[in-house]
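**Student:** Below is one structure. I have some questions about it.
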Amino acid sequence: LPYSRDAIDDASARLMAALVADAQARSDLSRARLKDLSDAITLWTHQIKTPIAAADMLLQNLGDAPAGAPLEATRSELSEQLFRITGYVDMALQVVRVESGSDLSLTRQPIDPILCRSIRSTAKSFIRRNIRMDYTPCLGQAVTDSKWLSFVVEQILSNALKYTASGGGVRIFPEKSAADGTLTIVIADTGIGIAPADLPRIFDKGFTGFNGRSKNKATGLGLYLCKTTCDRLGHTLAVTSTPGKGTQVRLTLALNTPCYE
């Protein structure tokens, strides 16, 4: 720009500089979000290949099986791989929802039916893996999005299924409602637990921790998306764990939040 000749030119130059800086900041933010989305899709694509390959192998073995051979075990394993694929697809959809925020619809609604639907969606996997589910109704209404909250609960249950051995159990129960009008839902498992050194980073994007690396089961996206989703909903998420004894996830919802539609 030419040198300023008066106060008007000075003001115009400052305004244009501010606009350029704002445009640059928006461009940098857009590039960062695009990179995050690209990284998430790359990681997701790598992870979903495993259950697809396993299902394909099972189908090939099914074709080679002699007539009259028992097929129940193969059907059960195929169902398990399809369950995993469905979970990864839901995760990909939630990445898009969280990034755009356009799918969020907050209404006051009872929490118990949302939890029951999430439990039913994972029930077959609990049965196949011989993991007990104990559910205590969580009464009360809160302002939330049922689709987004279901995603959070199902991701937590999916983690419990991954790291709880056959014969173990998962409990869902409400802690006593607080005087400040909140309801805390506890999802506790008897799994292998989380190492104390990993706990501070479990909500970081891409962090898999010792358990995820040793078992090659983690994407590093599940808990990150749960935390991001809860932040968008106005809920809080906290995790405590004891290695070898299990993990407790506490999901806290405000019961008296005003709702504007």
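Residue numbering restarts at 1 for every chain of the structure tokens, chains are lettered A, B, ... in their displayed order, and ligands are numbered from 1 as they appear.
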Can you tell me which residues surround Lys49 of chain A at a distance of at most 12 Å, considering only C-alpha atoms, apart from same-chain residues fewer than 6 positions away, and format the answer as a list in words?
**Tutor:**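 These residues fall inside the cut-off: Thr42, Leu43, Ala55, Asp56, Gln81, Leu82, Arg84, Ile85, Tyr88 and Val89 of chain A.
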**Student:** Among segment 54-238 of chain A, which residues carry a DSSP assignment of alpha helix (DSSP H), reported as a ChimeraX atom specification?
**Tutor:** /A:54-64,72-100,112-128,146-163,209-215,222-233
**Student:** For Val95 of chain A, which of A:Ile192, A:Ala53, A:Cys230, A:Ile41 is the closest residue, counting only C-alpha atoms?
**Tutor:**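 Nearest to Val95 of chain A: A:Ile41.
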**Student:** I'd like to know which residues of segment 4-237 of chain A are strand (DSSP E) (by DSSP, run on the backbone); could you write them as a list in words?
**Tutor:**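 In segment 4-237 of chain A, DSSP puts these residues in strand (DSSP E): Thr107, Arg108, Gln109, Pro110, Arg132, Met133, Asp134, Tyr135, Gln141, Ala142, Val143, Thr144, Gly169, Val170, Arg171, Ile172, Phe173, Pro174, Glu175, Thr182, Leu183, Thr184, Ile185, Val186, Ile187, Ala188, Asp189, Thr236 and Leu237 of chain A.
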**Student:** Residues at most 9 Å from Asp145 of chain A, counting only C-alpha atoms, excluding those fewer than 2 positions away in the same chain, as a list in words?
**Tutor:**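 Here the qualifying residues turn out to be Leu104, Ser105, Leu106, Thr107, Arg108, Gln109, Val143, Lys147, Trp148, Leu149, Ser150 and Leu233 of chain A.
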**Student:** Would you list the contacts of Leu223 of chain A as JSON, numbers by chain, taking every protein, DNA or RNA residue within 12 Å and counting only C-alpha atoms, but skipping same-chain residues closer than 5 positions in sequence?
**Tutor:** {"A": [91, 94, 95, 151, 152, 153, 154, 155, 156, 157, 158, 159, 160, 199, 201, 202, 203, 204, 205, 206, 207, 208, 209, 218, 228, 229, 230, 237, 238, 239, 249]}
